[in-house]
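So this block is query-v3.txt, compact mmCIF, C-alpha atoms:
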# COMPACT_ATOMS: atom_id res chain seq x y z
CA MET Y 1 90.95 32.37 88.85
CA LYS Y 2 92.14 28.80 89.04
CA PHE Y 3 94.84 27.23 91.21
CA ILE Y 4 97.09 24.88 89.23
CA THR Y 5 99.81 22.37 90.13
CA ASN Y 6 102.69 20.89 88.14
CA VAL Y 7 103.18 24.07 86.12
CA GLU Y 8 105.36 23.43 83.08
CA GLN Y 9 108.92 24.46 83.97
CA THR Y 10 109.60 26.90 81.12
CA ARG Y 11 106.23 28.57 81.56
CA PHE Y 12 106.81 28.82 85.30
CA ASP Y 13 110.28 30.32 85.02
CA ASP Y 14 109.37 32.76 82.25
CA PHE Y 15 106.66 34.21 84.48
CA ALA Y 16 108.75 34.19 87.66
CA VAL Y 17 111.79 35.86 86.11
CA SER Y 18 109.64 38.65 84.70
CA CYS Y 19 108.04 39.35 88.08
CA ALA Y 20 109.32 42.29 90.14
CA LEU Y 21 109.18 40.13 93.28
CA ASN Y 22 111.32 37.34 91.87
CA HIS Y 23 114.26 35.76 93.66
CA TYR Y 24 116.37 32.91 92.33
CA SER Y 25 114.85 30.67 95.03
CA LYS Y 26 111.45 31.28 93.42
CA THR Y 27 112.35 29.59 90.12
CA SER Y 28 112.41 25.89 89.22
CA PRO Y 29 116.18 25.18 89.61
CA PHE Y 30 115.77 25.75 93.34
CA ILE Y 31 113.97 22.42 93.74
CA GLN Y 32 116.93 20.55 92.28
CA PHE Y 33 119.41 22.55 94.35
CA LYS Y 34 117.58 21.90 97.62
CA ALA Y 35 116.76 18.26 96.84
CA PRO Y 36 119.30 16.75 99.30
CA GLU Y 37 117.69 18.69 102.15
CA TYR Y 38 114.03 18.82 101.14
CA GLY Y 39 113.68 15.95 98.73
CA LYS Y 40 110.54 17.08 96.94
CA GLY Y 41 109.11 20.27 95.53
CA ASP Y 42 106.20 21.58 93.47
CA LEU Y 43 105.73 24.34 90.91
CA LEU Y 44 102.38 25.94 91.74
CA GLY Y 45 100.46 28.80 90.20
CA VAL Y 46 97.26 30.63 89.41
CA VAL Y 47 95.80 31.29 85.96
CA ASN Y 48 93.19 33.90 85.09
CA GLU Y 49 90.09 33.45 82.95
CA GLN Y 50 92.22 33.78 79.80
CA GLY Y 51 94.47 30.95 80.95
CA GLU Y 52 97.39 33.29 81.63
CA LEU Y 53 99.70 32.57 84.54
CA VAL Y 54 99.31 35.39 87.09
CA ALA Y 55 100.99 33.89 90.18
CA SER Y 56 103.69 31.33 90.97
CA ALA Y 57 105.33 29.69 93.98
CA VAL Y 58 107.95 27.00 94.61
CA MET Y 59 106.83 24.79 97.50
CA LEU Y 60 109.36 22.45 99.11
CA HIS Y 61 108.54 19.52 101.39
CA LYS Y 62 110.88 18.22 104.08
CA ARG Y 63 110.63 15.01 106.07
CA CYS Y 64 111.67 15.21 109.72
CA LYS Y 65 112.18 12.66 112.50
CA ILE Y 66 111.12 14.78 115.48
CA PRO Y 67 108.22 14.69 115.12
CA PHE Y 68 107.87 12.05 112.46
CA GLY Y 69 106.23 13.81 109.55
CA GLN Y 70 106.62 16.50 106.93
CA PHE Y 71 106.47 20.28 106.73
CA SER Y 72 106.34 22.54 103.68
CA TYR Y 73 108.22 25.73 102.91
CA ILE Y 74 107.91 28.51 100.33
CA GLN Y 75 111.16 30.47 100.46
CA TYR Y 76 110.61 34.19 99.92
CA GLY Y 77 106.96 33.58 99.13
CA PHE Y 78 105.05 33.94 95.90
CA ASN Y 79 105.40 35.90 92.66
CA LEU Y 80 102.35 37.99 91.78
CA ASP Y 81 101.01 41.53 91.71
CA ILE Y 82 100.83 42.42 95.40
CA GLU Y 83 98.38 45.23 94.64
CA ASP Y 84 95.83 42.61 93.57
CA ARG Y 85 94.56 41.77 97.05
CA GLU Y 86 91.98 39.29 95.79
CA LEU Y 87 94.75 37.34 94.04
CA VAL Y 88 96.97 37.46 97.15
CA ARG Y 89 94.16 36.08 99.30
CA PHE Y 90 93.18 33.40 96.78
CA PHE Y 91 96.71 32.11 96.25
CA ALA Y 92 97.71 32.19 99.93
CA GLU Y 93 94.60 30.21 100.81
CA LYS Y 94 95.21 27.63 98.06
CA LEU Y 95 98.87 27.25 99.06
CA ARG Y 96 97.82 26.67 102.66
CA ASP Y 97 95.28 24.03 101.63
CA TYR Y 98 97.72 22.35 99.23
CA ALA Y 99 100.39 21.94 101.91
CA LYS Y 100 97.79 20.40 104.22
CA GLU Y 101 96.64 18.00 101.50
CA LYS Y 102 100.25 16.93 100.97
CA GLY Y 103 100.31 15.77 104.59
CA SER Y 104 102.43 18.55 106.10
CA PHE Y 105 101.88 19.52 109.72
CA PHE Y 106 102.67 23.16 108.90
CA LEU Y 107 103.57 25.48 106.03
CA ARG Y 108 106.11 28.27 106.38
CA ILE Y 109 106.23 31.24 104.05
CA ASP Y 110 108.50 34.31 104.36
CA PRO Y 111 107.51 36.71 101.54
CA ASN Y 112 110.18 39.05 100.17
CA ILE Y 113 107.49 41.73 100.11
CA THR Y 114 108.53 45.04 101.58
CA ARG Y 115 106.73 46.07 104.75
CA LEU Y 116 107.19 49.85 105.08
CA GLU Y 117 109.18 52.32 102.99
CA HIS Y 118 112.50 53.37 104.51
CA GLU Y 119 115.11 56.04 103.93
CA LYS Y 120 118.59 54.83 102.96
CA ASN Y 121 119.66 55.25 106.58
CA GLY Y 122 116.99 52.80 107.73
CA LYS Y 123 114.51 55.31 109.11
CA ILE Y 124 110.85 54.83 108.14
CA ARG Y 125 109.86 57.29 105.43
CA GLU Y 126 106.94 59.50 106.38
CA ASN Y 127 103.94 58.92 104.09
CA GLY Y 128 105.81 56.09 102.36
CA PHE Y 129 104.25 52.85 101.13
CA ASN Y 130 102.77 50.36 103.60
CA HIS Y 131 102.27 46.71 102.66
CA GLU Y 132 101.18 45.47 106.07
CA TYR Y 133 97.81 44.64 104.52
CA ILE Y 134 99.55 41.49 103.23
CA THR Y 135 100.24 40.55 106.85
CA ASP Y 136 96.58 41.14 107.67
CA ILE Y 137 95.43 38.95 104.77
CA LEU Y 138 97.70 36.08 105.78
CA LYS Y 139 96.69 36.31 109.44
CA ASP Y 140 93.02 36.35 108.41
CA LEU Y 141 93.66 33.09 106.52
CA GLY Y 142 95.03 31.43 109.65
CA TYR Y 143 98.74 32.05 109.17
CA ASP Y 144 100.61 32.93 112.38
CA HIS Y 145 102.90 35.93 111.93
CA LEU Y 146 106.22 35.37 113.74
CA GLY Y 147 106.82 39.09 114.17
CA TYR Y 148 108.69 42.09 112.81
CA ASN Y 149 111.86 41.10 114.59
CA TYR Y 150 115.58 41.73 114.34
CA GLY Y 151 117.04 40.49 111.07
CA TYR Y 152 119.34 37.85 112.53
CA SER Y 153 117.07 36.47 115.24
CA GLY Y 154 116.55 32.98 113.90
CA ASN Y 155 114.85 33.93 110.64
CA TRP Y 156 115.48 31.44 107.87
CA MET Y 157 115.96 34.27 105.37
CA SER Y 158 117.21 37.83 105.78
CA ARG Y 159 114.41 40.24 106.67
CA PHE Y 160 116.41 43.28 105.61
CA THR Y 161 118.61 44.06 102.63
CA TYR Y 162 120.06 46.85 100.54
CA ARG Y 163 119.18 46.91 96.85
CA LEU Y 164 120.90 49.16 94.34
CA ASP Y 165 118.99 50.62 91.39
CA LEU Y 166 121.02 49.99 88.23
CA ASP Y 167 118.40 51.55 85.96
CA GLN Y 168 120.29 54.84 85.86
CA PRO Y 169 123.51 56.12 84.23
CA ILE Y 170 126.66 54.41 85.53
CA GLU Y 171 128.11 57.82 86.36
CA LYS Y 172 125.19 58.52 88.68
CA ILE Y 173 125.53 55.10 90.30
CA ARG Y 174 129.21 55.67 90.98
CA LYS Y 175 128.53 59.16 92.30
CA GLY Y 176 126.19 57.61 94.87
CA ILE Y 177 128.87 55.18 96.11
CA LYS Y 178 130.71 56.52 99.13
CA ARG Y 179 134.38 57.30 98.38
CA TYR Y 180 134.08 55.69 94.97
CA ASN Y 181 136.80 57.77 93.29
CA ALA Y 182 139.24 57.34 96.19
CA TYR Y 183 138.81 53.56 96.48
CA HIS Y 184 138.79 53.02 92.72
CA LYS Y 185 142.00 55.03 92.40
CA LYS Y 186 143.68 53.10 95.24
CA ASN Y 187 142.92 49.79 93.54
CA GLU Y 188 144.13 51.06 90.17
CA GLU Y 189 147.42 52.29 91.64
CA ARG Y 190 147.95 48.93 93.38
CA LEU Y 191 147.01 46.91 90.30
CA VAL Y 192 144.12 45.14 92.01
CA THR Y 193 142.30 43.26 89.24
CA VAL Y 194 138.96 41.45 88.96
CA THR Y 195 138.25 38.81 86.32
CA GLU Y 196 135.35 36.45 85.60
CA ALA Y 197 136.33 32.87 86.40
CA GLY Y 198 135.05 29.32 86.05
CA GLN Y 199 134.20 26.47 88.40
CA ASP Y 200 137.84 25.40 88.48
CA GLN Y 201 138.55 28.52 90.56
CA LEU Y 202 135.85 28.07 93.19
CA TYR Y 203 138.64 27.28 95.63
CA VAL Y 204 139.31 31.03 95.86
CA LEU Y 205 135.84 31.59 97.32
CA THR Y 206 136.03 28.66 99.73
CA ASN Y 207 139.57 29.50 100.87
CA SER Y 208 138.54 33.08 101.62
CA GLN Y 209 135.45 31.79 103.41
CA ASP Y 210 137.58 29.48 105.55
CA GLU Y 211 139.48 32.47 106.90
CA LEU Y 212 136.26 34.13 108.09
CA SER Y 213 134.97 30.80 109.40
CA ALA Y 214 138.05 30.45 111.60
CA LYS Y 215 137.43 33.95 112.95
CA LEU Y 216 133.68 33.72 113.62
CA GLY Y 217 133.23 30.01 114.16
CA PHE Y 218 130.70 28.89 111.53
CA LYS Y 219 130.68 25.87 109.24
CA PRO Y 220 132.03 26.90 105.81
CA LYS Y 221 130.45 25.76 102.56
CA ASP Y 222 132.62 23.53 100.41
CA GLU Y 223 133.29 23.67 96.69
CA ALA Y 224 130.66 21.00 96.06
CA TYR Y 225 127.96 23.33 97.42
CA PHE Y 226 128.85 26.13 95.00
CA ARG Y 227 129.43 23.72 92.13
CA LYS Y 228 125.94 22.30 92.53
CA LEU Y 229 124.43 25.79 92.75
CA TRP Y 230 126.29 26.65 89.55
CA ASP Y 231 125.14 23.47 87.80
CA CYS Y 232 121.52 24.16 88.77
CA TYR Y 233 121.46 27.80 87.66
CA GLY Y 234 123.84 27.49 84.71
CA ASP Y 235 124.29 30.64 82.65
CA ALA Y 236 122.58 32.73 85.35
CA VAL Y 237 125.73 32.37 87.47
CA HIS Y 238 128.56 34.89 87.29
CA TYR Y 239 131.70 34.32 89.31
CA TYR Y 240 134.43 36.90 89.85
CA VAL Y 241 137.88 36.59 91.42
CA VAL Y 242 139.99 39.51 92.69
CA ARG Y 243 143.78 39.23 92.67
CA CYS Y 244 146.97 41.21 93.14
CA ASN Y 245 150.71 40.78 92.66
CA TYR Y 246 152.24 42.67 95.60
CA THR Y 247 155.68 42.94 94.02
CA GLU Y 248 154.14 44.62 90.98
CA ALA Y 249 152.01 46.74 93.31
CA VAL Y 250 155.17 47.97 95.07
CA ASN Y 251 156.71 48.95 91.74
CA SER Y 252 153.54 50.83 90.81
CA LEU Y 253 153.53 52.65 94.16
CA LYS Y 254 157.21 53.55 93.79
CA LYS Y 255 156.42 55.07 90.41
CA LYS Y 256 153.57 57.01 91.98
CA CYS Y 257 155.92 58.20 94.72
CA GLN Y 258 158.42 59.44 92.15
CA GLU Y 259 155.68 61.32 90.30
CA LEU Y 260 154.56 63.01 93.52
CA THR Y 261 158.15 63.92 94.38
CA GLY Y 262 158.57 65.57 90.99
CA TYR Y 263 155.23 67.32 91.35
CA ARG Y 264 156.26 68.64 94.75
CA THR Y 265 159.25 70.52 93.30
CA LEU Y 266 156.87 72.58 91.20
CA LEU Y 267 154.66 73.64 94.10
CA LYS Y 268 154.77 77.10 95.65
CA ASP Y 269 151.80 76.91 98.00
CA GLU Y 270 152.89 75.73 101.47
CA ASN Y 271 149.55 74.01 102.15
CA LYS Y 272 149.81 71.97 98.94
CA ILE Y 273 153.42 71.13 99.76
CA SER Y 274 152.37 69.91 103.22
CA VAL Y 275 149.58 67.73 101.79
CA THR Y 276 151.90 66.25 99.15
CA ASP Y 277 154.62 65.53 101.73
CA LYS Y 278 152.10 63.60 103.84
CA GLU Y 279 150.99 61.61 100.80
CA ILE Y 280 154.61 60.76 99.90
CA GLU Y 281 155.37 59.66 103.45
CA ALA Y 282 152.26 57.51 103.56
CA LEU Y 283 153.27 55.82 100.30
CA LYS Y 284 156.80 55.18 101.54
CA LYS Y 285 155.46 53.65 104.72
CA GLU Y 286 153.07 51.42 102.76
CA ILE Y 287 155.82 50.36 100.36
CA GLN Y 288 158.06 49.39 103.27
CA GLU Y 289 155.25 47.43 104.91
CA ILE Y 290 154.59 45.44 101.74
CA GLU Y 291 158.28 44.86 100.99
CA GLU Y 292 158.80 43.41 104.46
CA SER Y 293 155.81 41.11 104.07
CA PRO Y 294 156.01 37.45 102.95
CA LEU Y 295 153.36 38.38 100.36
CA ASN Y 296 156.02 40.32 98.43
CA ASP Y 297 157.19 37.18 96.65
CA GLY Y 298 156.59 38.03 93.01
CA LYS Y 299 153.50 35.80 92.84
CA THR Y 300 149.88 36.72 92.12
CA HIS Y 301 147.73 36.29 95.22
CA ASP Y 302 144.01 35.65 95.51
CA LEU Y 303 142.20 38.31 97.53
CA GLY Y 304 138.69 36.88 97.33
CA ALA Y 305 135.77 36.03 95.10
CA LYS Y 306 132.10 36.80 94.48
CA PHE Y 307 129.33 34.39 93.38
CA ILE Y 308 126.24 36.06 91.94
CA ILE Y 309 123.08 34.99 90.12
CA LYS Y 310 121.39 37.13 87.48
CA GLN Y 311 117.90 36.25 86.28
CA GLY Y 312 116.27 38.68 83.90
CA GLU Y 313 116.85 42.20 85.21
CA ASN Y 314 117.68 41.16 88.78
CA VAL Y 315 121.03 40.35 90.38
CA TRP Y 316 121.61 38.70 93.78
CA ASN Y 317 124.92 38.57 95.62
CA VAL Y 318 124.80 34.97 96.77
CA ASN Y 319 128.20 34.84 98.47
CA MET Y 320 131.31 37.01 98.64
CA TYR Y 321 134.39 36.48 100.77
CA THR Y 322 137.69 38.34 100.80
CA THR Y 323 140.94 37.96 102.70
CA LYS Y 324 142.37 40.73 104.84
CA THR Y 325 145.81 42.01 103.80
CA PHE Y 326 146.78 45.68 103.57
CA LEU Y 327 144.42 48.59 104.23
CA ASN Y 328 144.56 50.19 100.77
CA PHE Y 329 143.88 46.99 98.83
CA ARG Y 330 140.07 47.25 98.63
CA ALA Y 331 139.19 43.75 97.48
CA ALA Y 332 135.50 43.77 98.48
CA PHE Y 333 135.00 47.17 96.89
CA ALA Y 334 136.76 45.98 93.72
CA LEU Y 335 134.46 42.97 93.40
CA HIS Y 336 131.28 45.05 93.78
CA ASP Y 337 132.64 47.80 91.50
CA HIS Y 338 133.38 45.31 88.74
CA ALA Y 339 130.17 43.31 89.16
CA ILE Y 340 127.95 46.40 89.13
CA THR Y 341 129.59 47.60 85.90
CA GLU Y 342 129.37 44.22 84.19
CA MET Y 343 125.82 43.45 85.31
CA LYS Y 344 124.60 46.83 84.10
CA LYS Y 345 126.13 46.09 80.69
CA LEU Y 346 124.12 42.84 80.65
CA GLY Y 347 120.87 44.72 81.26
CA ALA Y 348 120.45 44.30 85.02
CA LYS Y 349 118.27 46.90 86.75
CA THR Y 350 118.56 45.78 90.38
CA TYR Y 351 121.59 44.65 92.40
CA ASP Y 352 120.64 43.02 95.70
CA PHE Y 353 123.28 42.80 98.44
CA GLU Y 354 121.39 39.83 99.95
CA GLY Y 355 120.94 40.61 103.59
CA ILE Y 356 121.80 42.87 106.50
CA SER Y 357 120.88 42.72 110.19
CA GLY Y 358 118.52 45.69 109.90
CA SER Y 359 120.11 47.45 112.87
CA MET Y 360 121.70 50.87 112.46
CA ASP Y 361 123.18 50.79 115.94
CA PRO Y 362 126.99 51.14 115.70
CA LYS Y 363 127.19 48.74 118.66
CA ASP Y 364 125.45 45.99 116.67
CA GLU Y 365 127.92 43.19 115.91
CA TYR Y 366 126.96 43.27 112.23
CA TYR Y 367 127.00 47.05 111.88
CA GLY Y 368 130.23 47.01 109.85
CA GLN Y 369 128.62 44.76 107.25
CA THR Y 370 125.53 46.96 107.13
CA ASP Y 371 127.55 50.17 106.85
CA PHE Y 372 129.64 48.74 104.01
CA LYS Y 373 126.58 47.72 101.98
CA LYS Y 374 124.90 51.03 102.76
CA SER Y 375 127.92 52.86 101.30
CA PHE Y 376 126.94 51.75 97.79
CA GLY Y 377 123.85 53.93 97.87
CA GLY Y 378 121.17 51.27 97.58
CA ASP Y 379 117.67 51.32 99.03
CA TYR Y 380 117.08 49.91 102.52
CA LEU Y 381 114.37 47.23 102.32
CA GLU Y 382 112.46 45.58 105.15
CA PHE Y 383 110.45 42.44 104.40
CA LEU Y 384 107.31 41.23 106.16
CA GLY Y 385 108.90 38.30 107.98
CA GLU Y 386 107.81 34.70 108.53
CA PHE Y 387 104.32 33.18 108.61
CA ASP Y 388 103.39 29.65 109.68
CA ALA Y 389 100.11 27.97 108.80
CA VAL Y 390 99.83 25.22 111.41
CA PHE Y 391 97.76 22.10 110.72
CA ASP Y 392 98.86 19.93 113.65
CA ALA Y 393 99.58 22.00 116.76
CA LYS Y 394 101.09 19.11 118.73
CA LYS Y 395 103.59 18.15 116.03
CA TYR Y 396 104.38 21.81 115.38
CA ALA Y 397 105.20 22.36 119.08
CA GLN Y 398 107.43 19.28 119.10
CA TRP Y 399 109.18 20.45 115.95
CA LYS Y 400 109.85 23.90 117.41
CA LYS Y 401 111.40 22.46 120.56
CA ALA Y 402 113.51 19.94 118.65
CA THR Y 403 114.62 22.54 116.12
CA TRP Y 404 115.61 24.99 118.84
CA PHE Y 405 117.65 22.36 120.68
CA ILE Y 406 119.34 20.99 117.56
CA SER Y 407 120.17 24.42 116.10
CA HIS Y 408 121.68 25.63 119.37
CA ALA Y 409 123.69 22.43 119.79
CA ARG Y 410 124.97 22.63 116.22
CA ARG Y 411 125.88 26.29 116.63
CA ARG Y 412 127.94 25.52 119.73
CA LEU Y 413 129.67 22.56 118.10
CA ARG Y 414 130.45 24.51 114.95
CA TYR Y 415 131.85 27.36 116.98
CA TYR Y 416 134.05 24.90 118.89
CA PHE Y 417 135.28 23.01 115.81
CA TYR Y 418 135.69 25.85 113.30
CA LYS Y 419 136.81 28.84 115.35
CA LYS Y 420 140.55 29.12 115.83
CA LYS Y 421 141.37 30.41 119.28
Would you give me this structure, written as structure tokens?
Amino acid sequence: MKFITNVEQTRFDDFAVSCALNHYSKTSPFIQFKAPEYGKGDLLGVVNEQGELVASAVMLHKRCKIPFGQFSYIQYGFNLDIEDRELVRFFAEKLRDYAKEKGSFFLRIDPNITRLEHEKNGKIRENGFNHEYITDILKDLGYDHLGYNYGYSGNWMSRFTYRLDLDQPIEKIRKGIKRYNAYHKKNEERLVTVTEAGQDQLYVLTNSQDELSAKLGFKPKDEAYFRKLWDCYGDAVHYYVVRCNYTEAVNSLKKKCQELTGYRTLLKDENKISVTDKEIEALKKEIQEIEESPLNDGKTHDLGAKFIIKQGENVWNVNMYTTKTFLNFRAAFALHDHAITEMKKLGAKTYDFEGISGSMDPKDEYYGQTDFKKSFGGDYLEFLGEFDAVFDAKKYAQWKKATWFISHARRRLRYYFYKKK
């Protein structure tokens, strides 16, 4: 085996995209995308005796003022066959040494390698796979493991996610989605539509994000952020917008109400009559609510948008934001429903929801997000977490203190400036 630097871009990306471990941050466009923050980056790899590329990693380098110096970062780790322990050890050691040679005072790596096998409800599967030997290898090489902690406890990347298997019939996928038929029918009856859009409609995503930002108090990303991400990843980007015309929705619901009223006259069974009466009353109440709303203005309204990246057979939900209107207008469901169908048509085999807290406690503040993503029937994945190879302990300690102070100060300021009381 031989460690190589400056891997040719096409060769690097062809290998990375074909790897089961790949993530869009592990391909060459990521260096360009992160350039304003990190400045520099390297495409690194390992070749075997036949000269074939068998491992790859994108290493970024960031200058900092406190302390004065540089650290290196490999987001979501390396691409390789994790069952080849000799290769894992060789590459991790070479990456560590390379970062040190570049003058960094530490290297951080947070592999998107699963730790233990879990059931869909988050429980550890008995006799399932165990990849903690990767942790042992890294620790043996001098990397400090920062722990198997809660998903949103300061980690730079999500340690947990749900990932849906698209390599199965679409009917089976939909059957595994909780309340699929009911939600799909609700959206059809209310004429909720999803279409693929261009960069000129990125405002839908940012406007929807602003609403959540005002509620939770975080700094929203602007259109320039998503435009640059799109420019860097090009054809790998797919962007969907969900919309509805509430006046047309009312007319559709009135038609549905008339159909149910006619159907009711044919019923003899008292139980069926009772159920139908309740459905008619619910529709009438919903119609009245919409008609009395300012949204019932004859215009088409944006309900939200989804920004995804597809490389090879893998899809990642980069960002999705929706606005809250009426209960039965399932905008988030509509976006996922449409994207799953379209991505499967394009040959995707995995659909990653890109992050959950990892907690299944209903009291967890992010439980609603987790429960929603869980409802699509994907697999619950837990990654190994973060590892730091420290080369200058004094500078590393200073960096940790400064980072903690700055991040907490920024969080408080953002909460103050962006949250609407």
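Going from CA of Asp84 in chain Y to CA of Ala16 in chain Y covers 16.5 Å.
Atom pair CA of Ala348 in chain Y / CA of Lys310 in chain Y: separated by 7.6 Å.
Taking CA of Val242 in chain Y and CA of Thr322 in chain Y as endpoints, the distance between them is 8.5 Å.
Proximity to Asn187 in chain Y was assessed for Y:Gln369, Y:Arg330, Y:Phe383, Y:Lys221 counting all atoms listed in the file; the smallest distance is recorded for Y:Arg330.
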Selection: 7 Å around range 283-294 of chain Y, all atoms listed in the file, excl. self and same-chain fewer than 3 positions, as a list of chain:residue names: Y:Val250, Y:Leu253, Y:Cys257, Y:Glu279, Y:Ile280, Y:Asp297
File dump, residues just selected, C-alpha atoms, as a PDB file, keeping the file's coordinate frame:
ATOM      1  CA  VAL Y 250     155.170  47.970  95.070  1.00  0.00           C
ATOM      2  CA  LEU Y 253     153.530  52.650  94.160  1.00  0.00           C
ATOM      3  CA  CYS Y 257     155.920  58.200  94.720  1.00  0.00           C
ATOM      4  CA  GLU Y 279     150.990  61.610 100.800  1.00  0.00           C
ATOM      5  CA  ILE Y 280     154.610  60.760  99.900  1.00  0.00           C
ATOM      6  CA  ASP Y 297     157.190  37.180  96.650  1.00  0.00           C
TER       7      ASP Y 297
END
Counting all atoms listed in the file, select every polymer residue within 7 Å of (121.7, 44.8, 98.8) as defined in the file's coordinates, and provide the selection as a PyMOL selection string. chain Y and resi 161-164+351-355+373+378
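For Gly262 in chain Y, the set of protein, DNA and RNA residues having any atom at most 12 Å away, when counting all atoms listed in the file and skipping those fewer than 3 positions along the same chain, is Y:Lys255, Y:Lys256, Y:Cys257, Y:Gln258, Y:Glu259, Y:Thr265, Y:Leu266, Y:Leu267, Y:Ile273, Y:Thr276, Y:Asp277, Y:Ile280.
The closest residue to Arg179 in chain Y, picked from Y:Gly151, Y:Gly298, Y:Pro362, Y:Gly377 and counting only C-alpha atoms, is Y:Gly377.
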What box, with edges along x, y and z, holds each listed atom of range 89-98 of chain Y when 4 Å is added on every side, and can you state its centre and edge lengths in Å to one decimal, as JSON?
{"center_x": 96.0, "center_y": 29.2, "center_z": 99.5, "size_x": 13.7, "size_y": 21.7, "size_z": 14.4}
Using all atoms listed in the file, what table do you get, as JSON lines, when you list each residue of range 241-331 of chain Y with an atom no more than 12 Å from range 194-212 of chain Y, its nearest pair of atoms, and their distance in Å rounded to one decimal, rows by chain then rising number?
{"residue": "Y:Val241", "atom": "CA", "partner": "Y:Val194", "partner_atom": "CA", "distance": 5.6}
{"residue": "Y:Val242", "atom": "CA", "partner": "Y:Val194", "partner_atom": "CA", "distance": 4.3}
{"residue": "Y:Arg243", "atom": "CA", "partner": "Y:Val194", "partner_atom": "CA", "distance": 6.5}
{"residue": "Y:Cys244", "atom": "CA", "partner": "Y:Val194", "partner_atom": "CA", "distance": 9.0}
{"residue": "Y:His301", "atom": "CA", "partner": "Y:Val204", "partner_atom": "CA", "distance": 9.9}
{"residue": "Y:Asp302", "atom": "CA", "partner": "Y:Val204", "partner_atom": "CA", "distance": 6.6}
{"residue": "Y:Leu303", "atom": "CA", "partner": "Y:Ser208", "partner_atom": "CA", "distance": 7.6}
{"residue": "Y:Gly304", "atom": "CA", "partner": "Y:Ser208", "partner_atom": "CA", "distance": 5.7}
{"residue": "Y:Ala305", "atom": "CA", "partner": "Y:Leu205", "partner_atom": "CA", "distance": 5.0}
{"residue": "Y:Lys306", "atom": "CA", "partner": "Y:Leu205", "partner_atom": "CA", "distance": 7.0}
{"residue": "Y:Phe307", "atom": "CA", "partner": "Y:Leu205", "partner_atom": "CA", "distance": 8.1}
{"residue": "Y:Ile308", "atom": "CA", "partner": "Y:Glu196", "partner_atom": "CA", "distance": 11.1}
{"residue": "Y:Val318", "atom": "CA", "partner": "Y:Leu205", "partner_atom": "CA", "distance": 11.6}
{"residue": "Y:Asn319", "atom": "CA", "partner": "Y:Leu205", "partner_atom": "CA", "distance": 8.4}
{"residue": "Y:Met320", "atom": "CA", "partner": "Y:Leu205", "partner_atom": "CA", "distance": 7.2}
{"residue": "Y:Tyr321", "atom": "CA", "partner": "Y:Ser208", "partner_atom": "CA", "distance": 5.4}
{"residue": "Y:Thr322", "atom": "CA", "partner": "Y:Ser208", "partner_atom": "CA", "distance": 5.4}
{"residue": "Y:Thr323", "atom": "CA", "partner": "Y:Ser208", "partner_atom": "CA", "distance": 5.5}
{"residue": "Y:Lys324", "atom": "CA", "partner": "Y:Glu211", "partner_atom": "CA", "distance": 9.0}
{"residue": "Y:Thr325", "atom": "CA", "partner": "Y:Ser208", "partner_atom": "CA", "distance": 11.7}
{"residue": "Y:Arg330", "atom": "CA", "partner": "Y:Val194", "partner_atom": "CA", "distance": 11.3}
{"residue": "Y:Ala331", "atom": "CA", "partner": "Y:Val194", "partner_atom": "CA", "distance": 8.8}
What would the file look like if the residues just selected were written as a short mmCIF file (atom, residue, chain, number, x, y, z; two decimals), keeping the file's coordinate frame with C-alpha atoms?
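selection_12.cif was written with the following content:
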data_model
loop_
_atom_site.label_atom_id
_atom_site.label_comp_id
_atom_site.auth_asym_id
_atom_site.auth_seq_id
_atom_site.Cartn_x
_atom_site.Cartn_y
_atom_site.Cartn_z
CA VAL Y 241 137.88 36.59 91.42
CA VAL Y 242 139.99 39.51 92.69
CA ARG Y 243 143.78 39.23 92.67
CA CYS Y 244 146.97 41.21 93.14
CA HIS Y 301 147.73 36.29 95.22
CA ASP Y 302 144.01 35.65 95.51
CA LEU Y 303 142.20 38.31 97.53
CA GLY Y 304 138.69 36.88 97.33
CA ALA Y 305 135.77 36.03 95.10
CA LYS Y 306 132.10 36.80 94.48
CA PHE Y 307 129.33 34.39 93.38
CA ILE Y 308 126.24 36.06 91.94
CA VAL Y 318 124.80 34.97 96.77
CA ASN Y 319 128.20 34.84 98.47
CA MET Y 320 131.31 37.01 98.64
CA TYR Y 321 134.39 36.48 100.77
CA THR Y 322 137.69 38.34 100.80
CA THR Y 323 140.94 37.96 102.70
CA LYS Y 324 142.37 40.73 104.84
CA THR Y 325 145.81 42.01 103.80
CA ARG Y 330 140.07 47.25 98.63
CA ALA Y 331 139.19 43.75 97.48
#
Which of Y:Phe90, Y:Ala393, Y:Glu132, Y:Gly347 sits closest to Val315 in chain Y [using all atoms listed in the file]: Y:Gly347
Between Y:Glu270, Y:Asp97, Y:Glu83, Y:Asp14, which is the closest to Leu53 in chain Y once you count all atoms listed in the file? Y:Asp14
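With only C-alpha atoms as the basis for measurement, Y:Ser56 is the residue among Y:Ser56, Y:Thr247, Y:Asn296, Y:Thr193 that approaches Gln9 in chain Y most closely.
Residue nearest Tyr418 in chain Y, chosen from Y:Gln32, Y:Ser213, Y:Ser153, Y:Asn314 and counting only C-alpha atoms: Y:Ser213.
Those residues positioned at most 12 Å from (127.6, 43.2, 81.9) are Leu166, Ile170, Glu196, His238, Lys310, Glu313, Val315, Asp337, His338, Ala339, Ile340, Thr341, Glu342, Met343, Lys344, Lys345, Leu346, Gly347, Ala348 and Lys349 of chain Y, judged using all atoms listed in the file.
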Extract, using only C-alpha atoms, all DNA, RNA and protein residues at most 10 Å from Tyr133 in chain Y, discarding same-chain residues fewer than 5 positions from it, and format them as an MDAnalysis selection string. chainID Y and resid 82:83 85 115 138:139
